2 protein chains.
Amino acid sequence: MGLASGQLRRLGELIMPAHRVPRGGYVFRAGGDTNTLAVVRRGTLKSAVLDEQGREQVVGFHLTGELLGLDGIAAGKYCRDVVALEDSEVCRIPYPELQKLSNDIPAVANYIQTTMSREISRAYGVMLLLGSMRAEMRLAFFLLDLSRRVLARGYSPTRLSLPMTRKEIGGYLGLKLESVSRLFSTFQRDGLIEVRGKAVNLVELGRLQEIVQDAHPQLGKLLENGDASVLNAQCAALNLA
Amino acid sequence: MGLASGQLRRLGELIMPAHRVPRGGYVFRAGGDTNTLAVVRRGTLKSAVLDEQGREQVVGFHLTGELLGLDGIAAGKYCRDVVALEDSEVCRIPYPELQKLSNDIPAVANYIQTTMSREISRAYGVMLLLGSMRAEMRLAFFLLDLSRRVLARGYSPTRLSLPMTRKEIGGYLGLKLESVSRLFSTFQRDGLIEVRGKAVNLVELGRLQEIVQDAHPQLGKLLENGDASVLNAQCAALNLA
DNA sequence: CGACAAATTGAGACCAATCAAAGGGCGTGG
DNA sequence: CCACGCCCTTTGATTGGTCTCAATTTGTCG
């Protein structure tokens with residue numbers, strides 16, 4: 001079911017102009033009040049929970065088109081930081097007004113529900129990753145997941161440019177940065193990938209898939225839910241909801 | 001905002017009579033079509049992703065009052081099994097009709113959104129647990145989390161009766177059953193708890209909290225989001241939404 | 001009581017963390 | 001433009017925590 005033009009206009013008015021977020025800049029802070037969602041227009045960001053000792057758990061990386069901030073709806077507070085990994089742009093969406101709008105327009109409410117449901121599925125996949133996969137499987141998973149998401153945006157699925165550091169990858173995969181670095185070297189030695197700093201070339205996608213599949217045939221399905229929140233910034237996607 | 005009596009009646013008609021689920025019985029199966037949600041009336045259940053080698057990742061345990069099945073809304077398929085750990089009762093709720101109802105009644109839509117949002121926050125907390133905590137912290141977290149949830153239902157927060165096996169606890173915490181067993185023994189030796197099979201007495205709640213807090217002061221906040229889906233089976237809670 | 005699953009405990013292996021050092025990349029300022 | 005400093009990355013040596021394999025005990029249900 002689509003949206004009437006009047007509804008689309010109301011939705012359009014909600015979307016604030018894109019604004020720049022410099023590398024290292026915050027979109028949300030843990031503990032901050034939830035007054036907006038945000039859509040990534042350009043760039044890459046991470047969601048992370050940080051503690052005083054400087055350790056962080058990265059709960060997700062966000063590419064262009066993804067919708068951020070749904071975790072905070074219940075508590076009224078965000079439960080984690082969202083930080084730009086490179087110079088990025090986001091559109092903010094005032095949450096209370098979106099809430100009102102979703103009460104009037106079922107398609108909007110349905111879209112939000114669907115997006116949140118996908119994020120739950122994705123989170124379960126990551127729990128599986130962290131709870132029962134060994135380091136090499138985790139990194140293979142990470143590379144394939146990124147490959148698929150980059151492909152969905154029309155870029156090469158094999159020539160990746162990683163905007164995040166080894167430490168951040170480790171923070172996502174539950175590994176230390178040295179372990180991540182060693183695994184990159186091992187994969188390169190075995191001819192699976194070519195590494196030159198942040199530039200990674202996936203030479204043997206099939207063998208990377210084997211590494212993951214051997215461990216968890218189910219994971220492939222969960223992966224497909226991964227790219228939760230692809231929302232066209234003009235909200236054209238809502239026509240499909 | 002509450003519900004008009006006509007709305008409550010419509011909602012009541014949606015809730016199917018509670019039916020028994022024997023120990024080991026399924027409420028949902030991974031890959032099954034999403035046609036219902038379910039509310040736990042009595043008993044305890046687990047959500048788990050299983051692979052052919054017999055390994056499983058438990059993504060959550062569910063106590064009385066919790067709402068199950070929201071993960072499947074997006075994909076149209078559930079992404080994991082839900083199995084009763086002891087003889088239980090659940091009420092099923094046909095999802096398509098609930099969807100229609102939520103389009104008419106904003107309070108219902110808001111409740112679903114809030115519940116899903118809490119589940120996302122909880123999942124992030126578990127990711128933190130699995131990604132950056134050591135075994136003893138994980139088990140302390142598990143015991144405290146269960147203690148809090150049991151307390152919320154009016155039972156003693158210190159005298160726990162664990163319906164799940166050591167293997168299932170390990171499946172949740174990313175540990176092998178032997179490790180879980182060893183940790184129970186260690187905690188008992190140190191006077192933190194008393195273990196007699198499935199019956200566990202939490203002697204030193206404070207010291208258990210220290211074990212978790214030392215590692216991640218943030219986790220306490222995430223814990224509070226944990227008890228996502230407490231939905232009174234008569235849906236009285238919706239009056240608060 | 002018997003059969004089977006669950007739990008405990010031990011010994012040893014292995015994987016990732018830790019500690020440590022050196023090399024690279026990038027931006028800033030001279 | 002180069003030099004410096006800082007962070008990121010790589011690699012090595014060692015430690016340590018958890019898994020694995022194995023045997024035994026305990027508990028549960030027919």
# chains A, B, ... in the order shown; residues from 1 in each chain; ligands from 1
>>> interface_residues(of="chain D", to="chain A", cutoff="12 Å", atoms="only C-alpha atoms (C1' of nucleotides)", output="ChimeraX atom specification")
/D:7-12,19
>>> closest_atom_pairs(of="chain C", to="chain B", cutoff="8 Å", atoms="only C-alpha atoms (C1' of nucleotides)", output="Markdown table")
| residue | atom | partner | partner_atom | distance |
| --- | --- | --- | --- | --- |
| C:DA6 | C1' | B:Thr165 | CA | 7.5 |
| C:DA7 | C1' | B:Ser181 | CA | 7.2 |
| C:DT8 | C1' | B:Ser181 | CA | 7.0 |
>>> closest_residue(among="B:Pro94, B:Pro163, B:Gly76, B:Gly206", to="chain A", atoms="only C-alpha atoms")
B:Gly76
>>> interface_residues(of="chain B", to="chain A", cutoff="7 Å", atoms="only C-alpha atoms", output="PDB file with N, CA, C and O atoms, in the first residue's frame")
ATOM      1  N   ASP B  51      22.152 -25.419  14.796  1.00  0.00           N
ATOM      2  CA  ASP B  51      22.710 -25.868  13.527  1.00  0.00           C
ATOM      3  C   ASP B  51      22.808 -27.391  13.480  1.00  0.00           C
ATOM      4  O   ASP B  51      22.526 -28.078  14.457  1.00  0.00           O
ATOM      5  N   GLN B  57      22.846 -21.525  19.746  1.00  0.00           N
ATOM      6  CA  GLN B  57      23.011 -20.243  20.427  1.00  0.00           C
ATOM      7  C   GLN B  57      21.656 -19.856  20.986  1.00  0.00           C
ATOM      8  O   GLN B  57      20.709 -19.647  20.234  1.00  0.00           O
ATOM      9  N   VAL B  59      19.349 -17.216  22.330  1.00  0.00           N
ATOM     10  CA  VAL B  59      19.324 -15.752  22.258  1.00  0.00           C
ATOM     11  C   VAL B  59      18.487 -15.146  23.380  1.00  0.00           C
ATOM     12  O   VAL B  59      18.529 -13.939  23.589  1.00  0.00           O
ATOM     13  N   LEU B  70       8.296 -11.338  17.730  1.00  0.00           N
ATOM     14  CA  LEU B  70       8.414 -10.074  17.006  1.00  0.00           C
ATOM     15  C   LEU B  70       9.538 -10.083  15.982  1.00  0.00           C
ATOM     16  O   LEU B  70       9.530  -9.297  15.041  1.00  0.00           O
ATOM     17  N   ASP B  71      10.486 -10.983  16.151  1.00  0.00           N
ATOM     18  CA  ASP B  71      11.617 -11.021  15.226  1.00  0.00           C
ATOM     19  C   ASP B  71      11.195 -11.419  13.819  1.00  0.00           C
ATOM     20  O   ASP B  71      11.860 -11.133  12.856  1.00  0.00           O
ATOM     21  N   GLY B  72      10.069 -12.115  13.723  1.00  0.00           N
ATOM     22  CA  GLY B  72       9.699 -12.663  12.429  1.00  0.00           C
ATOM     23  C   GLY B  72       8.885 -11.733  11.561  1.00  0.00           C
ATOM     24  O   GLY B  72       8.635 -12.037  10.389  1.00  0.00           O
ATOM     25  N   ILE B  73       8.513 -10.600  12.088  1.00  0.00           N
ATOM     26  CA  ILE B  73       7.617  -9.721  11.349  1.00  0.00           C
ATOM     27  C   ILE B  73       8.198  -9.286  10.013  1.00  0.00           C
ATOM     28  O   ILE B  73       7.528  -9.314   8.984  1.00  0.00           O
ATOM     29  N   ALA B  74       9.465  -8.925  10.032  1.00  0.00           N
ATOM     30  CA  ALA B  74      10.078  -8.389   8.820  1.00  0.00           C
ATOM     31  C   ALA B  74      10.199  -9.441   7.738  1.00  0.00           C
ATOM     32  O   ALA B  74       9.739  -9.277   6.613  1.00  0.00           O
ATOM     33  N   CYS B  79      13.211 -16.489  12.892  1.00  0.00           N
ATOM     34  CA  CYS B  79      14.624 -16.751  12.678  1.00  0.00           C
ATOM     35  C   CYS B  79      15.186 -17.686  13.737  1.00  0.00           C
ATOM     36  O   CYS B  79      16.359 -17.959  13.765  1.00  0.00           O
ATOM     37  N   ASN B 103      -3.285  -0.779  13.154  1.00  0.00           N
ATOM     38  CA  ASN B 103      -3.504   0.323  12.225  1.00  0.00           C
ATOM     39  C   ASN B 103      -4.667   1.204  12.676  1.00  0.00           C
ATOM     40  O   ASN B 103      -4.688   2.407  12.418  1.00  0.00           O
ATOM     41  N   PRO B 106      -3.733   3.434  17.638  1.00  0.00           N
ATOM     42  CA  PRO B 106      -2.329   3.842  17.823  1.00  0.00           C
ATOM     43  C   PRO B 106      -1.684   3.237  19.056  1.00  0.00           C
ATOM     44  O   PRO B 106      -0.508   2.892  19.029  1.00  0.00           O
ATOM     45  N   GLN B 113       5.869  -1.207  19.079  1.00  0.00           N
ATOM     46  CA  GLN B 113       7.142  -0.512  18.837  1.00  0.00           C
ATOM     47  C   GLN B 113       8.000  -0.473  20.086  1.00  0.00           C
ATOM     48  O   GLN B 113       9.204  -0.730  20.041  1.00  0.00           O
ATOM     49  N   THR B 114       7.390  -0.138  21.202  1.00  0.00           N
ATOM     50  CA  THR B 114       8.145  -0.045  22.451  1.00  0.00           C
ATOM     51  C   THR B 114       8.757  -1.387  22.816  1.00  0.00           C
ATOM     52  O   THR B 114       9.920  -1.474  23.224  1.00  0.00           O
ATOM     53  N   MET B 116       9.539  -3.872  20.836  1.00  0.00           N
ATOM     54  CA  MET B 116      10.634  -4.223  19.937  1.00  0.00           C
ATOM     55  C   MET B 116      11.872  -3.400  20.238  1.00  0.00           C
ATOM     56  O   MET B 116      12.995  -3.896  20.191  1.00  0.00           O
ATOM     57  N   SER B 117      11.663  -2.146  20.564  1.00  0.00           N
ATOM     58  CA  SER B 117      12.784  -1.278  20.894  1.00  0.00           C
ATOM     59  C   SER B 117      13.531  -1.799  22.113  1.00  0.00           C
ATOM     60  O   SER B 117      14.768  -1.818  22.148  1.00  0.00           O
ATOM     61  N   ARG B 118      12.791  -2.257  23.114  1.00  0.00           N
ATOM     62  CA  ARG B 118      13.432  -2.807  24.305  1.00  0.00           C
ATOM     63  C   ARG B 118      14.222  -4.069  23.966  1.00  0.00           C
ATOM     64  O   ARG B 118      15.295  -4.297  24.505  1.00  0.00           O
ATOM     65  N   ILE B 120      15.682  -4.724  21.201  1.00  0.00           N
ATOM     66  CA  ILE B 120      16.927  -4.305  20.547  1.00  0.00           C
ATOM     67  C   ILE B 120      17.955  -3.903  21.602  1.00  0.00           C
ATOM     68  O   ILE B 120      19.116  -4.317  21.557  1.00  0.00           O
ATOM     69  N   SER B 121      17.525  -3.093  22.575  1.00  0.00           N
ATOM     70  CA  SER B 121      18.451  -2.680  23.641  1.00  0.00           C
ATOM     71  C   SER B 121      18.979  -3.886  24.399  1.00  0.00           C
ATOM     72  O   SER B 121      20.172  -3.973  24.714  1.00  0.00           O
ATOM     73  N   ALA B 123      19.292  -6.930  23.293  1.00  0.00           N
ATOM     74  CA  ALA B 123      20.217  -7.660  22.428  1.00  0.00           C
ATOM     75  C   ALA B 123      21.589  -6.984  22.415  1.00  0.00           C
ATOM     76  O   ALA B 123      22.619  -7.662  22.438  1.00  0.00           O
ATOM     77  N   TYR B 124      21.614  -5.656  22.411  1.00  0.00           N
ATOM     78  CA  TYR B 124      22.894  -4.943  22.463  1.00  0.00           C
ATOM     79  C   TYR B 124      23.624  -5.266  23.760  1.00  0.00           C
ATOM     80  O   TYR B 124      24.853  -5.421  23.774  1.00  0.00           O
ATOM     81  N   MET B 127      25.189  -8.582  23.374  1.00  0.00           N
ATOM     82  CA  MET B 127      26.367  -8.492  22.507  1.00  0.00           C
ATOM     83  C   MET B 127      27.574  -8.019  23.299  1.00  0.00           C
ATOM     84  O   MET B 127      28.687  -8.519  23.135  1.00  0.00           O
ATOM     85  N   LEU B 128      27.338  -7.043  24.159  1.00  0.00           N
ATOM     86  CA  LEU B 128      28.410  -6.556  25.033  1.00  0.00           C
ATOM     87  C   LEU B 128      28.932  -7.684  25.912  1.00  0.00           C
ATOM     88  O   LEU B 128      30.134  -7.884  26.070  1.00  0.00           O
ATOM     89  N   LEU B 130      28.740 -10.962  25.384  1.00  0.00           N
ATOM     90  CA  LEU B 130      29.434 -12.012  24.632  1.00  0.00           C
ATOM     91  C   LEU B 130      30.746 -11.512  24.046  1.00  0.00           C
ATOM     92  O   LEU B 130      31.691 -12.290  23.888  1.00  0.00           O
ATOM     93  N   GLY B 131      30.791 -10.222  23.734  1.00  0.00           N
ATOM     94  CA  GLY B 131      31.955  -9.710  23.023  1.00  0.00           C
ATOM     95  C   GLY B 131      33.091  -9.295  23.920  1.00  0.00           C
ATOM     96  O   GLY B 131      34.245  -9.322  23.505  1.00  0.00           O
ATOM     97  N   SER B 132      32.805  -8.941  25.167  1.00  0.00           N
ATOM     98  CA  SER B 132      33.899  -8.355  25.939  1.00  0.00           C
ATOM     99  C   SER B 132      33.911  -8.719  27.410  1.00  0.00           C
ATOM    100  O   SER B 132      34.596  -8.070  28.186  1.00  0.00           O
ATOM    101  N   LEU B 173      25.368 -17.968  27.126  1.00  0.00           N
ATOM    102  CA  LEU B 173      26.523 -17.150  27.527  1.00  0.00           C
ATOM    103  C   LEU B 173      27.748 -17.361  26.646  1.00  0.00           C
ATOM    104  O   LEU B 173      28.793 -16.757  26.877  1.00  0.00           O
ATOM    105  N   GLY B 174      27.618 -18.218  25.630  1.00  0.00           N
ATOM    106  CA  GLY B 174      28.771 -18.470  24.775  1.00  0.00           C
ATOM    107  C   GLY B 174      29.838 -19.302  25.465  1.00  0.00           C
ATOM    108  O   GLY B 174      31.028 -19.117  25.228  1.00  0.00           O
ATOM    109  N   HIS B 216      32.022  -3.641  33.362  1.00  0.00           N
ATOM    110  CA  HIS B 216      31.242  -2.759  32.503  1.00  0.00           C
ATOM    111  C   HIS B 216      30.186  -1.988  33.274  1.00  0.00           C
ATOM    112  O   HIS B 216      29.046  -2.409  33.367  1.00  0.00           O
ATOM    113  N   PRO B 217      30.565  -0.822  33.789  1.00  0.00           N
ATOM    114  CA  PRO B 217      29.607   0.002  34.523  1.00  0.00           C
ATOM    115  C   PRO B 217      28.360   0.324  33.696  1.00  0.00           C
ATOM    116  O   PRO B 217      27.292   0.548  34.238  1.00  0.00           O
ATOM    117  N   GLN B 218      28.505   0.358  32.379  1.00  0.00           N
ATOM    118  CA  GLN B 218      27.370   0.686  31.511  1.00  0.00           C
ATOM    119  C   GLN B 218      26.311  -0.400  31.521  1.00  0.00           C
ATOM    120  O   GLN B 218      25.155  -0.156  31.237  1.00  0.00           O
ATOM    121  N   LEU B 222      21.858  -1.146  30.626  1.00  0.00           N
ATOM    122  CA  LEU B 222      21.322  -2.009  29.586  1.00  0.00           C
ATOM    123  C   LEU B 222      20.469  -3.112  30.201  1.00  0.00           C
ATOM    124  O   LEU B 222      19.460  -3.511  29.641  1.00  0.00           O
TER     125      LEU B 222
END
>>> select_by_dssp(residues="segment 78-204 of chain A", states="strand (DSSP E)", output="PyMOL selection string")
chain A and resi 81-84+88-94+159-161+193-196+199-202
>>> residues_around(residues="segment 137-145 of chain A", least_positions_apart="3", cutoff="6 Å", atoms="only C-alpha atoms (C1' of nucleotides)", output="list in words")
Met133, Arg134, Arg148, Leu208, Ile211 and Val212 of chain A
>>> atom_distance(atom1="atom CA of Val150 of chain A", atom2="atom CA of Leu63 of chain A")
8.3 Å
>>> atom_distance(atom1="atom CA of Arg42 of chain A", atom2="atom CA of Ser161 of chain A")
14.7 Å
>>> atom_distance(atom1="atom CA of Gly65 of chain B", atom2="atom CA of Leu14 of chain B")
16.7 Å
>>> residues_around(residues="Thr158 of chain B", least_positions_apart="6", cutoff="10 Å", atoms="only C-alpha atoms (C1' of nucleotides)", output="list in words")
Leu143, Leu144, Leu146, Ser147, Arg148, Val150, Leu151, Ile193, Val200, Asn201, Leu202, Val203, Glu204 and Leu205 of chain B
>>> select_by_dssp(residues="segment 66-179 of chain A", states="helix (DSSP H, G or I)", output="MDAnalysis selection string")
chainID A and resid 72:75 95:104 106:132 135:152 166:173 177:179
>>> closest_residue(among="C:DA16, C:DA11, C:DA3, C:DC26", to="DG17 of chain D", atoms="only C-alpha atoms (C1' of nucleotides)")
C:DA16
>>> residues_around(residues="DG27 of chain C", least_positions_apart="2", cutoff="12 Å", atoms="only C-alpha atoms (C1' of nucleotides)", output="list of chain:residue names")
C:DG25, C:DG29, D:DC4, D:DG5, D:DC6, D:DC7
>>> write_last_selection(atoms="N, CA, C and O atoms (P, O5', C5', C4', C3', O3' and C1' of nucleotides)", output="short mmCIF file (atom, residue, chain, number, x, y, z; two decimals), in the first residue's frame")
data_model
loop_
_atom_site.label_atom_id
_atom_site.label_comp_id
_atom_site.auth_asym_id
_atom_site.auth_seq_id
_atom_site.Cartn_x
_atom_site.Cartn_y
_atom_site.Cartn_z
P DG C 25 52.69 2.75 4.00
"O5'" DG C 25 51.63 3.78 4.60
"C5'" DG C 25 50.54 3.29 5.36
"C4'" DG C 25 49.79 4.45 5.98
"C3'" DG C 25 49.67 5.67 5.07
"O3'" DG C 25 48.34 6.15 5.14
"C1'" DG C 25 50.67 6.30 7.11
P DG C 29 48.92 22.82 13.12
"O5'" DG C 29 50.49 23.09 13.16
"C5'" DG C 29 51.33 22.29 13.99
"C4'" DG C 29 52.78 22.59 13.68
"C3'" DG C 29 53.08 24.08 13.42
"O3'" DG C 29 54.34 24.40 13.96
"C1'" DG C 29 53.66 22.82 11.52
P DC D 4 63.19 15.67 12.44
"O5'" DC D 4 61.98 15.68 13.46
"C5'" DC D 4 61.32 16.91 13.78
"C4'" DC D 4 59.89 16.64 14.16
"C3'" DC D 4 59.71 15.45 15.10
"O3'" DC D 4 59.35 15.93 16.40
"C1'" DC D 4 58.06 15.50 13.35
P DG D 5 59.25 14.86 17.62
"O5'" DG D 5 57.68 14.57 17.65
"C5'" DG D 5 56.77 15.66 17.60
"C4'" DG D 5 55.35 15.13 17.47
"C3'" DG D 5 55.04 13.98 18.43
"O3'" DG D 5 53.76 14.20 19.00
"C1'" DG D 5 54.63 13.31 16.17
P DC D 6 53.30 13.32 20.23
"O5'" DC D 6 52.04 12.58 19.60
"C5'" DC D 6 51.12 13.31 18.80
"C4'" DC D 6 50.29 12.34 17.99
"C3'" DC D 6 49.87 11.08 18.76
"O3'" DC D 6 48.48 10.93 18.71
"C1'" DC D 6 50.81 10.51 16.66
P DC D 7 47.76 9.92 19.72
"O5'" DC D 7 47.08 8.88 18.73
"C5'" DC D 7 46.39 9.37 17.58
"C4'" DC D 7 46.47 8.36 16.47
"C3'" DC D 7 45.95 6.97 16.84
"O3'" DC D 7 44.97 6.60 15.90
"C1'" DC D 7 48.03 6.82 15.73
#
>>> decode(residues="chain C", atoms="C-alpha atoms (C1' of nucleotides)", output="PDB file, in the first residue's frame")
ATOM      1  C1'  DC C   1      15.154 -50.488  40.480  1.00  0.00           C
ATOM      2  C1'  DG C   2      17.180 -49.606  36.066  1.00  0.00           C
ATOM      3  C1'  DA C   3      18.192 -46.612  32.213  1.00  0.00           C
ATOM      4  C1'  DC C   4      19.372 -42.397  30.623  1.00  0.00           C
ATOM      5  C1'  DA C   5      20.258 -37.530  30.884  1.00  0.00           C
ATOM      6  C1'  DA C   6      22.487 -33.989  33.541  1.00  0.00           C
ATOM      7  C1'  DA C   7      26.181 -32.479  36.271  1.00  0.00           C
ATOM      8  C1'  DT C   8      30.783 -32.570  38.289  1.00  0.00           C
ATOM      9  C1'  DT C   9      35.670 -32.882  38.172  1.00  0.00           C
ATOM     10  C1'  DG C  10      40.292 -33.676  36.220  1.00  0.00           C
ATOM     11  C1'  DA C  11      44.199 -33.427  32.813  1.00  0.00           C
ATOM     12  C1'  DG C  12      45.840 -31.606  28.792  1.00  0.00           C
ATOM     13  C1'  DA C  13      45.619 -28.954  24.365  1.00  0.00           C
ATOM     14  C1'  DC C  14      44.699 -24.962  21.960  1.00  0.00           C
ATOM     15  C1'  DC C  15      43.227 -20.455  20.757  1.00  0.00           C
ATOM     16  C1'  DA C  16      43.124 -15.728  21.598  1.00  0.00           C
ATOM     17  C1'  DA C  17      44.902 -12.221  24.976  1.00  0.00           C
ATOM     18  C1'  DT C  18      48.717  -9.881  26.731  1.00  0.00           C
ATOM     19  C1'  DC C  19      53.074  -7.689  26.702  1.00  0.00           C
ATOM     20  C1'  DA C  20      56.500  -5.789  23.853  1.00  0.00           C
ATOM     21  C1'  DA C  21      58.828  -3.758  19.866  1.00  0.00           C
ATOM     22  C1'  DA C  22      59.222  -2.023  15.366  1.00  0.00           C
ATOM     23  C1'  DG C  23      57.390  -0.291  10.985  1.00  0.00           C
ATOM     24  C1'  DG C  24      53.969   2.443   8.249  1.00  0.00           C
ATOM     25  C1'  DG C  25      50.674   6.301   7.109  1.00  0.00           C
ATOM     26  C1'  DC C  26      48.842  10.782   7.626  1.00  0.00           C
ATOM     27  C1'  DG C  27      48.232  15.407   9.035  1.00  0.00           C
ATOM     28  C1'  DT C  28      50.327  19.412  11.103  1.00  0.00           C
ATOM     29  C1'  DG C  29      53.661  22.821  11.518  1.00  0.00           C
ATOM     30  C1'  DG C  30      58.046  24.426  10.624  1.00  0.00           C
TER      31       DG C  30
END
